[in-house]
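Shown next: final_15.cif, given as mmCIF, C-alpha atoms.
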data_query
loop_
_atom_site.label_atom_id
_atom_site.label_comp_id
_atom_site.auth_asym_id
_atom_site.auth_seq_id
_atom_site.Cartn_x
_atom_site.Cartn_y
_atom_site.Cartn_z
CA MET A 1 7.21 25.28 174.70
CA LEU A 2 3.92 23.85 175.98
CA LYS A 3 2.29 25.82 178.78
CA PHE A 4 0.89 23.67 181.58
CA LYS A 5 -2.48 24.52 183.15
CA GLN A 6 -1.26 22.98 186.42
CA PHE A 7 -4.25 21.04 187.66
CA LYS A 8 -3.61 20.01 191.26
CA LYS A 9 -4.06 16.97 193.48
CA SER A 10 -7.12 18.69 194.96
CA ASP A 11 -8.75 18.50 191.50
CA ILE A 12 -8.92 14.67 191.80
CA SER A 13 -11.47 12.55 193.65
CA VAL A 14 -11.20 8.77 193.95
CA VAL A 15 -14.24 6.58 193.25
CA LEU A 16 -14.35 2.98 194.49
CA LEU A 17 -16.94 0.33 193.77
CA LEU A 18 -16.87 -2.59 196.21
CA TYR A 19 -18.51 -6.01 196.19
CA ASN A 20 -17.69 -8.83 198.64
CA THR A 21 -14.29 -7.28 199.27
CA PRO A 22 -11.49 -9.69 200.33
CA LYS A 23 -10.25 -8.44 203.70
CA GLY A 24 -6.61 -8.96 202.70
CA LYS A 25 -6.93 -6.39 199.89
CA ILE A 26 -8.06 -3.45 202.03
CA GLU A 27 -4.49 -2.27 202.66
CA ASN A 28 -4.10 -1.72 198.88
CA LEU A 29 -6.13 1.47 199.33
CA ILE A 30 -3.66 3.22 201.64
CA ASN A 31 -2.15 5.21 198.73
CA TYR A 32 -5.49 7.00 198.23
CA LYS A 33 -5.16 8.58 201.65
CA GLY A 34 -5.31 12.36 201.24
CA TYR A 35 -7.73 12.32 198.29
CA ASN A 36 -11.47 12.92 198.55
CA ILE A 37 -12.95 9.43 198.29
CA TYR A 38 -16.41 8.27 197.20
CA ILE A 39 -17.37 4.64 197.82
CA LEU A 40 -20.33 2.48 196.87
CA ASP A 41 -20.47 -1.02 198.39
CA GLN A 42 -23.08 -3.21 196.72
CA SER A 43 -22.70 -6.24 199.01
CA ASN A 44 -24.12 -4.85 202.28
CA ASP A 45 -20.64 -5.06 203.86
CA HIS A 46 -20.66 -2.85 206.96
CA ILE A 47 -17.52 -4.49 208.41
CA THR A 48 -15.37 -3.26 205.50
CA LYS A 49 -16.98 0.17 205.85
CA LYS A 50 -15.81 0.46 209.48
CA LYS A 51 -12.27 -0.53 208.52
CA LEU A 52 -12.07 1.88 205.57
CA LEU A 53 -13.44 4.81 207.56
CA LYS A 54 -10.48 4.34 209.94
CA LEU A 55 -7.95 3.78 207.15
CA LEU A 56 -9.05 6.64 204.89
CA PRO A 57 -10.06 9.81 206.78
CA ASN A 58 -10.97 11.74 203.59
CA ILE A 59 -14.02 9.64 202.69
CA LYS A 60 -16.67 12.14 201.59
CA PHE A 61 -19.35 9.63 200.62
CA TYR A 62 -19.86 5.99 201.57
CA LYS A 63 -23.04 4.13 200.71
CA VAL A 64 -23.71 0.48 201.51
CA THR A 65 -26.51 -1.29 199.68
CA ASN A 66 -27.61 -4.91 199.40
CA THR A 67 -28.51 -4.47 195.71
CA ASN A 68 -25.76 -5.09 193.15
CA LYS A 69 -26.53 -2.91 190.12
CA GLY A 70 -23.20 -3.51 188.42
CA PHE A 71 -20.06 -1.59 187.53
CA ALA A 72 -21.40 0.78 184.84
CA ARG A 73 -24.33 1.99 186.90
CA GLY A 74 -22.24 2.16 190.08
CA ILE A 75 -19.50 4.35 188.58
CA ASN A 76 -22.07 6.59 186.89
CA TYR A 77 -23.79 6.97 190.27
CA LEU A 78 -20.56 7.98 192.01
CA SER A 79 -19.51 10.36 189.20
CA LYS A 80 -22.66 12.42 189.86
CA ARG A 81 -21.61 13.00 193.47
CA ILE A 82 -18.04 14.20 193.12
CA LYS A 83 -17.31 17.93 193.21
CA THR A 84 -13.87 17.91 191.57
CA LYS A 85 -12.95 18.27 187.91
CA PHE A 86 -11.44 14.76 187.70
CA PHE A 87 -12.11 11.37 189.20
CA LEU A 88 -9.82 8.37 189.50
CA CYS A 89 -11.80 5.18 189.04
CA THR A 90 -9.91 2.30 190.61
CA GLN A 91 -10.42 -1.14 192.10
CA ILE A 92 -9.21 -2.78 195.27
CA ASP A 93 -7.01 -5.23 193.32
CA VAL A 94 -5.01 -2.37 191.73
CA ILE A 95 -1.81 -0.98 193.22
CA ILE A 96 -0.55 2.44 192.17
CA LYS A 97 1.84 4.80 193.96
CA LYS A 98 0.56 8.13 195.24
CA GLU A 99 3.00 10.15 193.09
CA SER A 100 1.83 8.21 190.02
CA ILE A 101 -1.78 9.27 190.63
CA ASP A 102 -0.75 12.93 190.50
CA LYS A 103 1.22 12.34 187.28
CA LEU A 104 -1.88 10.93 185.54
CA ILE A 105 -3.23 14.47 185.39
CA GLU A 106 -0.35 15.78 183.24
CA PRO A 107 -1.86 14.99 179.78
CA PHE A 108 -4.94 17.04 180.75
CA ASN A 109 -2.60 19.99 181.25
CA ILE A 110 -1.30 19.63 177.70
CA TYR A 111 -4.03 18.20 175.45
CA ASN A 112 -7.48 19.80 175.23
CA ASP A 113 -8.90 16.62 173.65
CA CYS A 114 -7.88 14.44 176.62
CA ILE A 115 -10.88 12.74 178.25
CA ILE A 116 -9.20 9.80 180.00
CA THR A 117 -5.65 8.93 181.05
CA ILE A 118 -4.39 5.50 182.04
CA PRO A 119 -1.19 4.14 183.56
CA ASN A 120 0.87 1.42 181.89
CA LEU A 121 -0.50 -1.95 183.05
CA ASP A 122 1.43 -4.05 180.56
CA LYS A 123 4.50 -5.34 182.40
CA ARG A 124 6.20 -6.37 179.17
CA SER A 125 6.00 -2.98 177.43
CA TYR A 126 6.49 -0.78 180.49
CA ASP A 127 9.41 1.55 179.88
CA LEU A 128 10.30 4.44 182.17
CA ASN A 129 12.72 5.78 179.57
CA SER A 130 10.26 5.73 176.67
CA LYS A 131 10.79 8.73 174.37
CA LYS A 132 7.02 9.16 174.11
CA LYS A 133 5.79 10.08 177.56
CA PHE A 134 2.12 10.19 176.55
CA VAL A 135 0.62 8.07 173.77
CA LYS A 136 -2.87 8.16 172.23
CA VAL A 137 -4.55 4.77 172.55
CA ASP A 138 -7.82 3.39 171.22
CA ASN A 139 -9.03 1.79 174.44
CA PHE A 140 -8.70 1.49 178.20
CA ILE A 141 -9.79 -0.95 180.89
CA GLY A 142 -12.03 0.03 183.78
CA ALA A 143 -9.65 -1.32 186.44
CA ILE A 144 -7.98 2.09 186.76
CA PHE A 145 -8.32 5.35 184.83
CA LEU A 146 -8.45 9.09 185.43
CA ALA A 147 -11.35 10.91 183.75
CA ASN A 148 -12.41 14.50 183.21
CA ASN A 149 -15.86 14.31 184.80
CA PHE A 150 -17.47 16.94 182.55
CA LYS A 151 -16.27 15.21 179.37
CA PHE A 152 -17.20 11.79 180.82
CA LYS A 153 -20.77 13.00 181.26
CA LYS A 154 -20.82 14.73 177.88
CA ILE A 155 -19.81 11.54 176.02
CA GLY A 156 -22.69 9.72 177.74
CA LYS A 157 -20.86 8.03 180.65
CA PHE A 158 -20.94 4.23 180.81
CA ASP A 159 -23.81 2.47 179.07
CA GLU A 160 -25.82 1.08 181.98
CA ASN A 161 -27.15 -1.85 179.96
CA TYR A 162 -23.79 -3.46 180.73
CA PHE A 163 -23.65 -4.95 184.20
CA PHE A 164 -19.98 -5.82 184.44
CA TYR A 165 -17.39 -6.15 181.65
CA TRP A 166 -17.49 -4.51 178.18
CA GLU A 167 -18.64 -1.10 179.43
CA ASP A 168 -15.06 0.16 179.10
CA VAL A 169 -14.74 -1.34 175.59
CA ASP A 170 -18.02 0.33 174.64
CA LEU A 171 -16.94 3.74 175.99
CA SER A 172 -13.56 3.42 174.24
CA LYS A 173 -15.39 2.83 170.97
CA ARG A 174 -17.63 5.87 171.47
CA ILE A 175 -14.62 8.06 172.30
CA LEU A 176 -12.89 6.83 169.14
CA PHE A 177 -16.00 7.58 167.05
CA SER A 178 -16.48 11.02 168.62
CA LYS A 179 -13.30 12.49 167.02
CA ASN A 180 -13.43 15.17 169.74
CA TYR A 181 -11.75 13.28 172.54
CA ASN A 182 -8.79 10.97 173.02
CA ILE A 183 -7.47 8.50 175.58
CA TYR A 184 -3.83 8.91 176.60
CA ARG A 185 -1.60 6.26 178.14
CA CYS A 186 1.15 7.57 180.42
CA ASN A 187 4.18 5.43 179.62
CA ASN A 188 6.09 6.83 182.58
CA ILE A 189 3.51 5.59 185.10
CA LYS A 190 3.19 2.02 186.28
CA ALA A 191 0.28 0.31 188.05
CA LEU A 192 -0.29 -3.33 188.92
CA HIS A 193 -3.64 -5.02 188.41
CA PHE A 194 -4.25 -8.43 189.98
CA ASN A 195 -7.11 -9.54 187.72
CA SER A 196 -10.33 -10.83 189.34
CA LYS A 197 -8.96 -10.39 192.88
CA SER A 198 -11.32 -7.60 193.98
CA THR A 199 -14.16 -9.98 194.92
CA LYS A 200 -14.29 -13.19 196.96
CA LYS A 201 -14.84 -16.23 194.74
CA SER A 202 -18.08 -18.17 195.07
CA ILE A 203 -20.67 -19.81 192.80
CA LYS A 204 -22.63 -16.55 192.89
CA SER A 205 -19.63 -14.37 191.99
CA GLU A 206 -18.69 -16.77 189.15
CA TYR A 207 -22.27 -16.61 187.85
CA ILE A 208 -22.15 -12.79 187.90
CA ARG A 209 -18.74 -12.73 186.18
CA ILE A 210 -19.31 -15.34 183.45
CA SER A 211 -22.94 -14.58 182.57
CA ASN A 212 -22.36 -10.82 182.35
CA PHE A 213 -19.21 -11.20 180.29
CA LYS A 214 -21.18 -13.24 177.75
CA PHE A 215 -24.11 -10.80 177.87
CA GLY A 216 -21.73 -7.88 177.32
CA GLU A 217 -20.11 -9.63 174.35
CA TYR A 218 -23.49 -10.09 172.63
CA TYR A 219 -24.78 -6.63 173.50
CA PHE A 220 -21.58 -4.92 172.32
CA GLU A 221 -21.67 -6.75 168.98
CA TYR A 222 -25.39 -5.99 168.59
CA LYS A 223 -24.92 -2.32 169.46
CA PHE A 224 -22.16 -1.83 166.89
CA ASN A 225 -23.82 -4.00 164.20
CA ASN A 226 -21.35 -6.89 164.41
CA LEU A 227 -23.62 -9.61 165.81
CA LYS A 228 -24.13 -12.42 163.29
CA VAL A 229 -27.38 -14.41 163.10
CA ILE A 230 -25.38 -17.65 162.86
CA LYS A 231 -23.85 -16.90 166.27
CA LEU A 232 -27.31 -16.37 167.79
CA LEU A 233 -28.34 -19.83 166.56
CA ARG A 234 -25.13 -21.85 166.88
CA GLU A 235 -23.70 -20.90 170.27
CA PRO A 236 -26.80 -21.55 172.42
CA LEU A 237 -27.19 -24.98 170.80
CA LYS A 238 -23.50 -25.76 171.38
CA ARG A 239 -23.74 -24.67 175.04
CA TYR A 240 -26.83 -26.84 175.62
CA ILE A 241 -24.97 -29.89 174.29
CA PHE A 242 -21.97 -29.16 176.52
CA ILE A 243 -24.22 -28.69 179.57
CA PHE A 244 -25.67 -32.17 179.04
CA ILE A 245 -22.26 -33.78 178.40
CA TYR A 246 -20.59 -32.23 181.47
CA LEU A 247 -23.59 -33.05 183.65
CA VAL A 248 -23.32 -36.72 182.67
CA LEU A 249 -19.52 -36.67 183.17
CA LEU A 250 -19.96 -34.91 186.53
CA LYS A 251 -17.53 -32.16 185.52
CA LYS A 252 -18.88 -29.49 187.80
CA LYS A 253 -16.70 -26.55 186.75
CA SER A 254 -17.31 -27.04 183.00
CA PHE A 255 -21.02 -27.58 183.62
CA TYR A 256 -21.36 -24.28 185.50
CA ASN A 257 -19.25 -22.45 182.94
CA ASN A 258 -21.58 -23.43 180.10
CA LEU A 259 -24.71 -22.91 182.18
CA PHE A 260 -23.66 -19.38 183.14
CA ASN A 261 -22.79 -18.58 179.51
CA ILE A 262 -26.28 -19.72 178.44
CA LEU A 263 -27.83 -17.51 181.13
CA GLY A 264 -25.82 -14.56 179.82
CA ILE A 265 -27.16 -15.20 176.30
CA PHE A 266 -30.71 -15.42 177.69
CA LYS A 267 -30.17 -12.08 179.43
CA PHE A 268 -29.25 -10.56 176.05
CA PHE A 269 -32.34 -12.09 174.38
CA PHE A 270 -34.50 -10.62 177.14
CA LEU A 271 -32.98 -7.15 176.61
CA LEU A 272 -33.48 -7.47 172.85
CA LEU A 273 -37.12 -8.48 173.36
CA LYS A 274 -37.63 -5.56 175.74
CA LYS A 275 -36.19 -3.12 173.19
CA LEU A 276 -38.44 -4.53 170.42
CA VAL A 277 -41.55 -4.28 172.64
CA ASN A 278 -40.69 -0.68 173.60
CA LYS A 279 -40.13 0.18 169.94
CA PHE A 280 -43.49 -1.39 169.01
CA PHE A 281 -45.40 0.63 171.63
CA LYS A 282 -43.55 3.79 170.62
CA ILE A 283 -44.61 3.29 166.98
CA MET A 284 -48.18 2.51 168.07
CA GLY A 285 -48.21 5.64 170.24
CA ARG A 286 -47.14 7.80 167.29
CA HIS A 287 -49.75 6.12 165.08
CA GLU A 288 -52.55 6.84 167.59
CA LYS A 289 -51.36 10.44 167.95
CA ASN A 290 -51.40 10.95 164.17
CA SER A 291 -54.86 9.31 163.91
CA SER A 292 -56.26 11.76 166.45
CA TYR A 293 -55.48 14.65 164.12
CA LEU A 294 -57.56 13.13 161.28
#
Rendering of file as structure tokens:
Amino acid sequence: MLKFKQFKKSDISVVLLLYNTPKGKIENLINYKGYNIYILDQSNDHITKKKLLKLLPNIKFYKVTNTNKGFARGINYLSKRIKTKFFLCTQIDVIIKKESIDKLIEPFNIYNDCIITIPNLDKRSYDLNSKKKFVKVDNFIGAIFLANNFKFKKIGKFDENYFFYWEDVDLSKRILFSKNYNIYRCNNIKALHFNSKSTKKSIKSEYIRISNFKFGEYYFEYKFNNLKVIKLLREPLKRYIFIFIYLVLLKKKSFYNNLFNILGIFKFFFLLLKKLVNKFFKIMGRHEKNSSYL
């Protein structure tokens, strides 16, 4: 019989990253009442801060900034500040019951290789009576997960080159490659995620969402040696053509979609150029150092 370590509710902190929070979603956070909570708001929203301080008395840290540095950097920032062994990363458009949060810790009691646990977000496959209570999975999404903070830091946390999107895919890949850690899905736990409902919609929020998704796609493929040269040449040209066509046809939504995708590709090219320049100066620095010994 497996012996449980019995981690407790007090071993969990909740980390929340906010940006232009819809006021109607604030009540979704009521189930986190009783946990130590760490919040970073990157949209300078002091009104939401006042409401949450009343709603959630256990807020240990709440920072409001007018600089949006993205999801990966924001969660890494909050993970440095928590004092507990585990942190639950969640979003305001996720609903999970309080008892389900406590159950997410169970795989950590059993499996030493457990780094992250996730609830079942797939409505079609959700099965309370599943024979396999905990299942190893190859990936997770950043909308909601429970992480062992020490192991999260040891694996390298989120790659901060990602702004928003793909950082969870990247971390999943690194966990899979590590062979030391595993992600476990708890089939007996259900959570609901209302996709893209955590931020008010605007041209700016759509730009952030679309451009960074495209950037993340290119950076992820580049990082894991899957980015094809033909894609680097063909897609920008295709997007330019579509931008012109939709501008002439006055199709505003399609025009912006292609424009924001192009800007995401440009962001990747800029990062690639920056990496090449840094590599060049690093090589030159080593060359000068070696020359000084002659």
With only C-alpha atoms as the basis for distance, which of A:Gly264, A:Pro236, A:Pro119, A:Gly156 is at the shortest distance from Thr90 (chain A)?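 Comparing A:Gly264, A:Pro236, A:Pro119, A:Gly156 against Thr90 (chain A), the winner is A:Pro119.
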In Å and to one decimal, CA of Thr117 (chain A) is distant from CA of Leu176 (chain A) by 14.1 Å
Could you please determine the separation between CA of Leu53 (chain A) and CA of Ser13 (chain A) in Å, to one decimal place?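 Between CA of Leu53 (chain A) and CA of Ser13 (chain A) the gap is 16.0 Å.
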Who sits within 10 Å of Lys157 (chain A), all atoms listed in the file, same chain under 4 positions skipped, as a PyMOL selection string: chain A and resi 72-73+75-76+79+149-153+167-168+171+174
List the neighbours of region 249-261 of chain A out to 7 Å using all atoms listed in the file; skip same-chain residues closer than 3 positions along the sequence, and give me the result as a list in words.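 The filter keeps Tyr207, Ile210, Ser211, Lys214, Arg239, Phe242, Ile243, Ile245, Tyr246, Gly264 and Ile265 of chain A.
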Generate a file of the selected residues that holds C-alpha atoms, formatted as a compact mmCIF listing (two decimals), in the coordinates of the input.
# COMPACT_ATOMS: atom_id res chain seq x y z
CA TYR A 207 -22.27 -16.61 187.85
CA ILE A 210 -19.31 -15.34 183.45
CA SER A 211 -22.94 -14.58 182.57
CA LYS A 214 -21.18 -13.24 177.75
CA ARG A 239 -23.74 -24.67 175.04
CA PHE A 242 -21.97 -29.16 176.52
CA ILE A 243 -24.22 -28.69 179.57
CA ILE A 245 -22.26 -33.78 178.40
CA TYR A 246 -20.59 -32.23 181.47
CA GLY A 264 -25.82 -14.56 179.82
CA ILE A 265 -27.16 -15.20 176.30
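Here CA of His46 (chain A) stands at a distance of 27.7 Å from CA of Phe86 (chain A).
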Using the chain letters and numbering of this document, enumerate as an MDAnalysis selection string the residues selected by the PyMOL selection byres ((chain A and resi 185) around 9). chainID A and resid 104 107 116:120 133:137 140 183:184 186:189
Give me the result of the PyMOL selection byres ((chain A and resi 52) around 10) on this file, residue by residue, as a CSV table (one decimal) with C-alpha atoms, in the frame of the given file.
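Output contents, as saved in expr_22.csv:
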chain,number,residue,atom,x,y,z
A,26,ILE,CA,-8.1,-3.4,202.0
A,27,GLU,CA,-4.5,-2.3,202.7
A,29,LEU,CA,-6.1,1.5,199.3
A,30,ILE,CA,-3.7,3.2,201.6
A,39,ILE,CA,-17.4,4.6,197.8
A,46,HIS,CA,-20.7,-2.8,207.0
A,47,ILE,CA,-17.5,-4.5,208.4
A,48,THR,CA,-15.4,-3.3,205.5
A,49,LYS,CA,-17.0,0.2,205.8
A,50,LYS,CA,-15.8,0.5,209.5
A,51,LYS,CA,-12.3,-0.5,208.5
A,53,LEU,CA,-13.4,4.8,207.6
A,54,LYS,CA,-10.5,4.3,209.9
A,55,LEU,CA,-8.0,3.8,207.2
A,56,LEU,CA,-9.0,6.6,204.9
A,57,PRO,CA,-10.1,9.8,206.8
A,59,ILE,CA,-14.0,9.6,202.7
A,62,TYR,CA,-19.9,6.0,201.6
Enumerate, as a PDB file with C-alpha atoms, keeping the file's coordinate frame, the residues matched when the PyMOL selection byres ((chain A and resi 16) around 10) is run on the file above.
ATOM      1  CA  VAL A  14     -11.200   8.770 193.950  1.00  0.00           C
ATOM      2  CA  VAL A  15     -14.240   6.580 193.250  1.00  0.00           C
ATOM      3  CA  LEU A  17     -16.940   0.330 193.770  1.00  0.00           C
ATOM      4  CA  LEU A  18     -16.870  -2.590 196.210  1.00  0.00           C
ATOM      5  CA  LEU A  29      -6.130   1.470 199.330  1.00  0.00           C
ATOM      6  CA  ILE A  37     -12.950   9.430 198.290  1.00  0.00           C
ATOM      7  CA  TYR A  38     -16.410   8.270 197.200  1.00  0.00           C
ATOM      8  CA  ILE A  39     -17.370   4.640 197.820  1.00  0.00           C
ATOM      9  CA  LEU A  40     -20.330   2.480 196.870  1.00  0.00           C
ATOM     10  CA  ASP A  41     -20.470  -1.020 198.390  1.00  0.00           C
ATOM     11  CA  TYR A  62     -19.860   5.990 201.570  1.00  0.00           C
ATOM     12  CA  GLY A  74     -22.240   2.160 190.080  1.00  0.00           C
ATOM     13  CA  ILE A  75     -19.500   4.350 188.580  1.00  0.00           C
ATOM     14  CA  LEU A  78     -20.560   7.980 192.010  1.00  0.00           C
ATOM     15  CA  LEU A  88      -9.820   8.370 189.500  1.00  0.00           C
ATOM     16  CA  CYS A  89     -11.800   5.180 189.040  1.00  0.00           C
ATOM     17  CA  THR A  90      -9.910   2.300 190.610  1.00  0.00           C
ATOM     18  CA  GLN A  91     -10.420  -1.140 192.100  1.00  0.00           C
ATOM     19  CA  ILE A  92      -9.210  -2.780 195.270  1.00  0.00           C
TER      20      ILE A  92
END
Closest to Tyr181 (chain A) among A:Ile115, A:Leu233, A:Val94, A:Ile144, using only C-alpha atoms?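 Checking each of A:Ile115, A:Leu233, A:Val94, A:Ile144 against Tyr181 (chain A), counting only C-alpha atoms, the winner is A:Ile115.
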I'd like the contact shell of Glu217 (chain A) - 9 Å cut-off, only C-alpha atoms, skipping same-chain residues fewer than 5 positions apart - returned as a ChimeraX atom specification. /A:165-166,212,222
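Between Asn109 (chain A) and the residues A:Lys154, A:Asn226, A:Ile96, A:Lys8, the shortest atom-to-atom distance, using all atoms listed in the file, involves A:Lys8.
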